[in-house]
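Source file coords.pdb; content: PDB, C-alpha atoms.
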```pdb
ATOM      1  CA  VAL A  23      10.804 -21.417   1.528  1.00  0.00           C
ATOM      2  CA  GLN A  24       9.386 -19.392   4.381  1.00  0.00           C
ATOM      3  CA  LEU A  25       8.612 -15.693   4.657  1.00  0.00           C
ATOM      4  CA  VAL A  26       8.286 -14.522   8.243  1.00  0.00           C
ATOM      5  CA  GLU A  27       6.701 -11.133   8.739  1.00  0.00           C
ATOM      6  CA  SER A  28       6.698  -8.967  11.826  1.00  0.00           C
ATOM      7  CA  GLY A  29       5.954  -5.429  12.906  1.00  0.00           C
ATOM      8  CA  GLY A  30       2.233  -5.047  12.430  1.00  0.00           C
ATOM      9  CA  GLY A  31      -0.059  -3.694  15.100  1.00  0.00           C
ATOM     10  CA  LEU A  32      -2.416  -0.946  16.178  1.00  0.00           C
ATOM     11  CA  VAL A  33      -1.395   2.685  15.808  1.00  0.00           C
ATOM     12  CA  GLN A  34      -3.123   6.033  15.861  1.00  0.00           C
ATOM     13  CA  ALA A  35      -3.473   8.116  12.728  1.00  0.00           C
ATOM     14  CA  GLY A  36      -0.272  10.008  12.066  1.00  0.00           C
ATOM     15  CA  GLY A  37       1.834   7.336  13.699  1.00  0.00           C
ATOM     16  CA  SER A  38       4.467   5.017  12.282  1.00  0.00           C
ATOM     17  CA  LEU A  39       5.127   1.314  11.990  1.00  0.00           C
ATOM     18  CA  ARG A  40       7.938  -0.707  10.474  1.00  0.00           C
ATOM     19  CA  LEU A  41       7.261  -4.068   8.887  1.00  0.00           C
ATOM     20  CA  SER A  42       9.936  -6.689   8.352  1.00  0.00           C
ATOM     21  CA  CYS A  43       9.938  -9.834   6.237  1.00  0.00           C
ATOM     22  CA  ALA A  44      12.738 -12.379   6.336  1.00  0.00           C
ATOM     23  CA  ALA A  45      12.982 -15.083   3.685  1.00  0.00           C
ATOM     24  CA  SER A  46      14.574 -18.394   4.545  1.00  0.00           C
ATOM     25  CA  GLY A  47      14.953 -21.794   2.952  1.00  0.00           C
ATOM     26  CA  SER A  48      16.056 -22.822  -0.509  1.00  0.00           C
ATOM     27  CA  ILE A  49      16.043 -19.443  -2.181  1.00  0.00           C
ATOM     28  CA  PHE A  50      18.880 -19.311  -4.666  1.00  0.00           C
ATOM     29  CA  SER A  51      18.335 -15.832  -6.026  1.00  0.00           C
ATOM     30  CA  ILE A  52      15.757 -13.208  -5.268  1.00  0.00           C
ATOM     31  CA  ASN A  53      14.747 -10.664  -7.855  1.00  0.00           C
ATOM     32  CA  VAL A  54      11.834  -8.680  -6.476  1.00  0.00           C
ATOM     33  CA  MET A  55      10.790  -8.200  -2.856  1.00  0.00           C
ATOM     34  CA  GLY A  56       7.645  -6.310  -2.095  1.00  0.00           C
ATOM     35  CA  TRP A  57       4.650  -5.604   0.055  1.00  0.00           C
ATOM     36  CA  TYR A  58       0.982  -5.921  -0.784  1.00  0.00           C
ATOM     37  CA  ARG A  59      -2.077  -5.258   1.330  1.00  0.00           C
ATOM     38  CA  GLN A  60      -5.679  -6.347   1.455  1.00  0.00           C
ATOM     39  CA  ALA A  61      -8.400  -4.480   3.273  1.00  0.00           C
ATOM     40  CA  PRO A  62     -11.730  -6.151   4.151  1.00  0.00           C
ATOM     41  CA  GLY A  63     -13.919  -6.481   1.085  1.00  0.00           C
ATOM     42  CA  LYS A  64     -11.197  -5.263  -1.252  1.00  0.00           C
ATOM     43  CA  GLN A  65      -8.730  -6.877  -3.612  1.00  0.00           C
ATOM     44  CA  ARG A  66      -5.104  -7.305  -2.705  1.00  0.00           C
ATOM     45  CA  GLU A  67      -3.088  -4.376  -3.987  1.00  0.00           C
ATOM     46  CA  LEU A  68       0.557  -3.513  -4.442  1.00  0.00           C
ATOM     47  CA  VAL A  69       2.028  -1.205  -1.815  1.00  0.00           C
ATOM     48  CA  ALA A  70       5.703  -1.137  -2.740  1.00  0.00           C
ATOM     49  CA  LEU A  71       8.365  -3.273  -4.342  1.00  0.00           C
ATOM     50  CA  ALA A  72      12.117  -3.228  -4.714  1.00  0.00           C
ATOM     51  CA  THR A  73      14.132  -5.053  -7.351  1.00  0.00           C
ATOM     52  CA  SER A  74      17.572  -6.564  -6.995  1.00  0.00           C
ATOM     53  CA  GLY A  75      18.841  -3.827  -9.282  1.00  0.00           C
ATOM     54  CA  GLY A  76      17.784  -1.121  -6.853  1.00  0.00           C
ATOM     55  CA  SER A  77      14.585   0.081  -8.495  1.00  0.00           C
ATOM     56  CA  VAL A  78      11.641   0.828  -6.243  1.00  0.00           C
ATOM     57  CA  ASN A  79       8.001   1.362  -7.018  1.00  0.00           C
ATOM     58  CA  TYR A  80       5.176   2.642  -4.817  1.00  0.00           C
ATOM     59  CA  ALA A  81       1.433   2.813  -5.000  1.00  0.00           C
ATOM     60  CA  ASP A  82       0.320   6.415  -5.454  1.00  0.00           C
ATOM     61  CA  SER A  83      -1.571   6.265  -2.170  1.00  0.00           C
ATOM     62  CA  VAL A  84       1.616   5.702  -0.137  1.00  0.00           C
ATOM     63  CA  LYS A  85       4.164   7.782  -2.012  1.00  0.00           C
ATOM     64  CA  GLY A  86       5.979  10.169   0.301  1.00  0.00           C
ATOM     65  CA  ARG A  87       4.821   8.275   3.405  1.00  0.00           C
ATOM     66  CA  PHE A  88       6.145   4.716   3.013  1.00  0.00           C
ATOM     67  CA  THR A  89       9.700   3.613   2.300  1.00  0.00           C
ATOM     68  CA  ILE A  90      10.729   0.141   1.182  1.00  0.00           C
ATOM     69  CA  SER A  91      14.241  -1.141   1.722  1.00  0.00           C
ATOM     70  CA  ARG A  92      15.978  -4.492   1.577  1.00  0.00           C
ATOM     71  CA  ASP A  93      18.985  -6.225   3.059  1.00  0.00           C
ATOM     72  CA  ASN A  94      20.075  -8.617   0.348  1.00  0.00           C
ATOM     73  CA  ALA A  95      22.625 -10.369   2.556  1.00  0.00           C
ATOM     74  CA  ARG A  96      19.843 -11.329   4.950  1.00  0.00           C
ATOM     75  CA  ASN A  97      17.080 -11.807   2.351  1.00  0.00           C
ATOM     76  CA  THR A  98      15.018  -9.319   4.307  1.00  0.00           C
ATOM     77  CA  VAL A  99      12.715  -6.551   3.165  1.00  0.00           C
ATOM     78  CA  TYR A 100      11.389  -3.694   5.273  1.00  0.00           C
ATOM     79  CA  LEU A 101       8.513  -1.277   4.954  1.00  0.00           C
ATOM     80  CA  GLN A 102       8.735   1.926   6.963  1.00  0.00           C
ATOM     81  CA  MET A 103       5.279   3.427   7.208  1.00  0.00           C
ATOM     82  CA  ASN A 104       4.935   7.014   8.383  1.00  0.00           C
ATOM     83  CA  SER A 105       1.980   9.397   8.619  1.00  0.00           C
ATOM     84  CA  LEU A 106      -0.368   6.436   8.727  1.00  0.00           C
ATOM     85  CA  LYS A 107      -4.010   6.958   7.852  1.00  0.00           C
ATOM     86  CA  PRO A 108      -7.101   4.920   8.750  1.00  0.00           C
ATOM     87  CA  GLU A 109      -7.342   3.894   5.090  1.00  0.00           C
ATOM     88  CA  ASP A 110      -3.981   2.149   5.449  1.00  0.00           C
ATOM     89  CA  THR A 111      -5.692  -0.428   7.667  1.00  0.00           C
ATOM     90  CA  ALA A 112      -5.256  -3.838   6.050  1.00  0.00           C
ATOM     91  CA  VAL A 113      -3.448  -7.129   6.227  1.00  0.00           C
ATOM     92  CA  TYR A 114       0.007  -6.590   4.767  1.00  0.00           C
ATOM     93  CA  TYR A 115       1.657  -9.418   2.859  1.00  0.00           C
ATOM     94  CA  CYS A 116       5.291  -9.838   1.957  1.00  0.00           C
ATOM     95  CA  ASN A 117       6.045 -11.142  -1.538  1.00  0.00           C
ATOM     96  CA  VAL A 118       9.235 -12.521  -3.036  1.00  0.00           C
ATOM     97  CA  GLN A 119       9.877 -13.348  -6.683  1.00  0.00           C
ATOM     98  CA  THR A 120      12.940 -15.351  -7.615  1.00  0.00           C
ATOM     99  CA  ALA A 121      15.310 -14.600 -10.453  1.00  0.00           C
ATOM    100  CA  THR A 122      15.261 -18.208 -11.609  1.00  0.00           C
ATOM    101  CA  ILE A 123      13.704 -19.460 -14.828  1.00  0.00           C
ATOM    102  CA  PRO A 124      10.925 -20.155 -14.282  1.00  0.00           C
ATOM    103  CA  SER A 125      10.403 -17.536 -11.604  1.00  0.00           C
ATOM    104  CA  TYR A 126       8.766 -18.581  -8.343  1.00  0.00           C
ATOM    105  CA  ASN A 127       6.476 -16.421  -6.282  1.00  0.00           C
ATOM    106  CA  TYR A 128       6.243 -16.690  -2.487  1.00  0.00           C
ATOM    107  CA  TRP A 129       3.924 -15.027   0.016  1.00  0.00           C
ATOM    108  CA  GLY A 130       4.127 -14.383   3.713  1.00  0.00           C
ATOM    109  CA  GLN A 131       1.307 -15.200   6.097  1.00  0.00           C
ATOM    110  CA  GLY A 132       0.270 -11.578   6.466  1.00  0.00           C
ATOM    111  CA  THR A 133       0.449  -9.126   9.330  1.00  0.00           C
ATOM    112  CA  GLN A 134      -2.412  -6.917  10.464  1.00  0.00           C
ATOM    113  CA  VAL A 135      -1.972  -3.158  10.466  1.00  0.00           C
ATOM    114  CA  THR A 136      -4.775  -1.165  12.080  1.00  0.00           C
ATOM    115  CA  VAL A 137      -4.790   2.624  12.097  1.00  0.00           C
ATOM    116  CA  SER A 138      -7.300   4.269  14.409  1.00  0.00           C
ATOM    117  CA  SER A 139      -8.694   7.738  13.759  1.00  0.00           C
TER
END
```
For this file, write the structure as structure tokens.
Amino acid sequence: VQLVESGGGLVQAGGSLRLSCAASGSIFSINVMGWYRQAPGKQRELVALATSGGSVNYADSVKGRFTISRDNARNTVYLQMNSLKPEDTAVYYCNVQTATIPSYNYWGQGTQVTVSS
């Protein structure tokens, strides 16, 4: 299973970026797709996730600014990030959890997002 992320980069405060993550390989059923981030010296934290049933969840710090969406036919998840702030600077990781029993957890390689003030 591979998760390929794209869309990171350098942007000024107030700008926007869109991250994409495509899952490929032997994934039989995906339950949750989400995004996490890790800033230097900090723990990895949840940014947003979307379940196969359509539920979404956001960290309080990104509510109203970020939007997660997924294309189930293409096993792809997106993160639209608007009104970016310097504190959003981090490495963003895609995460996929399968609906199998047991459930398997996969991570992307990470993509750097840097927001300049």
(message) When you look at segment 84-100 of chain A with a cut-off of 7 Å (counting only C-alpha atoms), what residues show up, excluding the ones that are within fewer than 4 positions of it in the same chain? I need them as a ChimeraX atom specification.
(response) /A:40-45,55,70-72,80,104-105
(request) Select, from A:Gly56, A:Tyr128, A:Gly76, A:Met103, the residue with the minimum atom-to-atom distance to Gly31 of chain A, counting all atoms listed in the file. (result) A:Met103
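Residues within 9 Å of Leu39 of chain A, counting all atoms listed in the file and excluding same-chain residues fewer than 6 positions away, are A:Gly29, A:Gly30, A:Gly31, A:Leu32, A:Val33, A:Leu101, A:Gln102, A:Met103, A:Asn104, A:Leu106, A:Val135.
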(request) Enumerate, as a VMD selection string, the residues matched when the PyMOL selection byres ((chain A and resi 115) around 7) is run on the file above. (result) chain A and resid 57 to 59 113 to 114 116 to 117 129 to 133
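For the pair atom CA of Glu109 of chain A and atom CA of Val78 of chain A, the separation is 22.3 Å.
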Can you give me all heavy atoms for segment 35-46 of chain A, written as a PDB file, in the coordinates of the input?
```
ATOM      1  N   ALA A  35      -3.719   7.373  13.964  1.00  0.00           N
ATOM      2  CA  ALA A  35      -3.473   8.116  12.728  1.00  0.00           C
ATOM      3  C   ALA A  35      -2.330   9.106  12.945  1.00  0.00           C
ATOM      4  O   ALA A  35      -2.252   9.764  13.987  1.00  0.00           O
ATOM      5  CB  ALA A  35      -4.728   8.849  12.292  1.00  0.00           C
ATOM      6  N   GLY A  36      -1.455   9.164  11.961  1.00  0.00           N
ATOM      7  CA  GLY A  36      -0.272  10.008  12.066  1.00  0.00           C
ATOM      8  C   GLY A  36       0.940   9.290  12.607  1.00  0.00           C
ATOM      9  O   GLY A  36       2.053   9.834  12.559  1.00  0.00           O
ATOM     10  N   GLY A  37       0.739   8.100  13.118  1.00  0.00           N
ATOM     11  CA  GLY A  37       1.834   7.336  13.699  1.00  0.00           C
ATOM     12  C   GLY A  37       2.632   6.576  12.665  1.00  0.00           C
ATOM     13  O   GLY A  37       2.407   6.693  11.448  1.00  0.00           O
ATOM     14  N   SER A  38       3.564   5.765  13.155  1.00  0.00           N
ATOM     15  CA  SER A  38       4.467   5.017  12.282  1.00  0.00           C
ATOM     16  C   SER A  38       4.555   3.559  12.718  1.00  0.00           C
ATOM     17  O   SER A  38       4.381   3.234  13.888  1.00  0.00           O
ATOM     18  CB  SER A  38       5.876   5.622  12.331  1.00  0.00           C
ATOM     19  OG  SER A  38       5.890   6.954  11.875  1.00  0.00           O
ATOM     20  N   LEU A  39       4.837   2.728  11.760  1.00  0.00           N
ATOM     21  CA  LEU A  39       5.127   1.314  11.990  1.00  0.00           C
ATOM     22  C   LEU A  39       6.193   0.885  11.001  1.00  0.00           C
ATOM     23  O   LEU A  39       6.302   1.459   9.900  1.00  0.00           O
ATOM     24  CB  LEU A  39       3.889   0.435  11.804  1.00  0.00           C
ATOM     25  CG  LEU A  39       2.817   0.425  12.889  1.00  0.00           C
ATOM     26  CD1 LEU A  39       1.618  -0.386  12.414  1.00  0.00           C
ATOM     27  CD2 LEU A  39       3.363  -0.132  14.185  1.00  0.00           C
ATOM     28  N   ARG A  40       6.941  -0.136  11.375  1.00  0.00           N
ATOM     29  CA  ARG A  40       7.938  -0.707  10.474  1.00  0.00           C
ATOM     30  C   ARG A  40       7.693  -2.200  10.366  1.00  0.00           C
ATOM     31  O   ARG A  40       7.737  -2.923  11.360  1.00  0.00           O
ATOM     32  CB  ARG A  40       9.345  -0.450  10.983  1.00  0.00           C
ATOM     33  CG  ARG A  40      10.438  -0.857  10.008  1.00  0.00           C
ATOM     34  CD  ARG A  40      11.794  -0.721  10.631  1.00  0.00           C
ATOM     35  NE  ARG A  40      12.886  -0.822   9.671  1.00  0.00           N
ATOM     36  CZ  ARG A  40      14.024  -1.444   9.902  1.00  0.00           C
ATOM     37  NH1 ARG A  40      14.242  -2.015  11.073  1.00  0.00           N
ATOM     38  NH2 ARG A  40      14.970  -1.477   8.977  1.00  0.00           N
ATOM     39  N   LEU A  41       7.456  -2.648   9.154  1.00  0.00           N
ATOM     40  CA  LEU A  41       7.261  -4.068   8.887  1.00  0.00           C
ATOM     41  C   LEU A  41       8.570  -4.687   8.412  1.00  0.00           C
ATOM     42  O   LEU A  41       9.342  -4.047   7.701  1.00  0.00           O
ATOM     43  CB  LEU A  41       6.189  -4.282   7.827  1.00  0.00           C
ATOM     44  CG  LEU A  41       4.822  -3.645   8.070  1.00  0.00           C
ATOM     45  CD1 LEU A  41       3.868  -4.023   6.938  1.00  0.00           C
ATOM     46  CD2 LEU A  41       4.261  -4.054   9.407  1.00  0.00           C
ATOM     47  N   SER A  42       8.768  -5.948   8.801  1.00  0.00           N
ATOM     48  CA  SER A  42       9.936  -6.689   8.352  1.00  0.00           C
ATOM     49  C   SER A  42       9.484  -8.025   7.785  1.00  0.00           C
ATOM     50  O   SER A  42       8.490  -8.596   8.238  1.00  0.00           O
ATOM     51  CB  SER A  42      10.904  -6.949   9.502  1.00  0.00           C
ATOM     52  OG  SER A  42      11.371  -5.757  10.069  1.00  0.00           O
ATOM     53  N   CYS A  43      10.230  -8.527   6.826  1.00  0.00           N
ATOM     54  CA  CYS A  43       9.938  -9.834   6.237  1.00  0.00           C
ATOM     55  C   CYS A  43      11.269 -10.508   5.914  1.00  0.00           C
ATOM     56  O   CYS A  43      12.035 -10.009   5.088  1.00  0.00           O
ATOM     57  CB  CYS A  43       9.098  -9.691   4.986  1.00  0.00           C
ATOM     58  SG  CYS A  43       8.873 -11.230   4.064  1.00  0.00           S
ATOM     59  N   ALA A  44      11.505 -11.630   6.555  1.00  0.00           N
ATOM     60  CA  ALA A  44      12.738 -12.379   6.336  1.00  0.00           C
ATOM     61  C   ALA A  44      12.430 -13.656   5.580  1.00  0.00           C
ATOM     62  O   ALA A  44      11.557 -14.423   5.984  1.00  0.00           O
ATOM     63  CB  ALA A  44      13.397 -12.697   7.667  1.00  0.00           C
ATOM     64  N   ALA A  45      13.148 -13.878   4.490  1.00  0.00           N
ATOM     65  CA  ALA A  45      12.982 -15.083   3.685  1.00  0.00           C
ATOM     66  C   ALA A  45      14.047 -16.094   4.067  1.00  0.00           C
ATOM     67  O   ALA A  45      15.216 -15.751   4.226  1.00  0.00           O
ATOM     68  CB  ALA A  45      13.084 -14.740   2.206  1.00  0.00           C
ATOM     69  N   SER A  46      13.625 -17.340   4.218  1.00  0.00           N
ATOM     70  CA  SER A  46      14.574 -18.394   4.545  1.00  0.00           C
ATOM     71  C   SER A  46      14.225 -19.648   3.767  1.00  0.00           C
ATOM     72  O   SER A  46      13.119 -19.789   3.253  1.00  0.00           O
ATOM     73  CB  SER A  46      14.561 -18.683   6.053  1.00  0.00           C
ATOM     74  OG  SER A  46      13.282 -19.147   6.446  1.00  0.00           O
TER      75      SER A  46
END
```
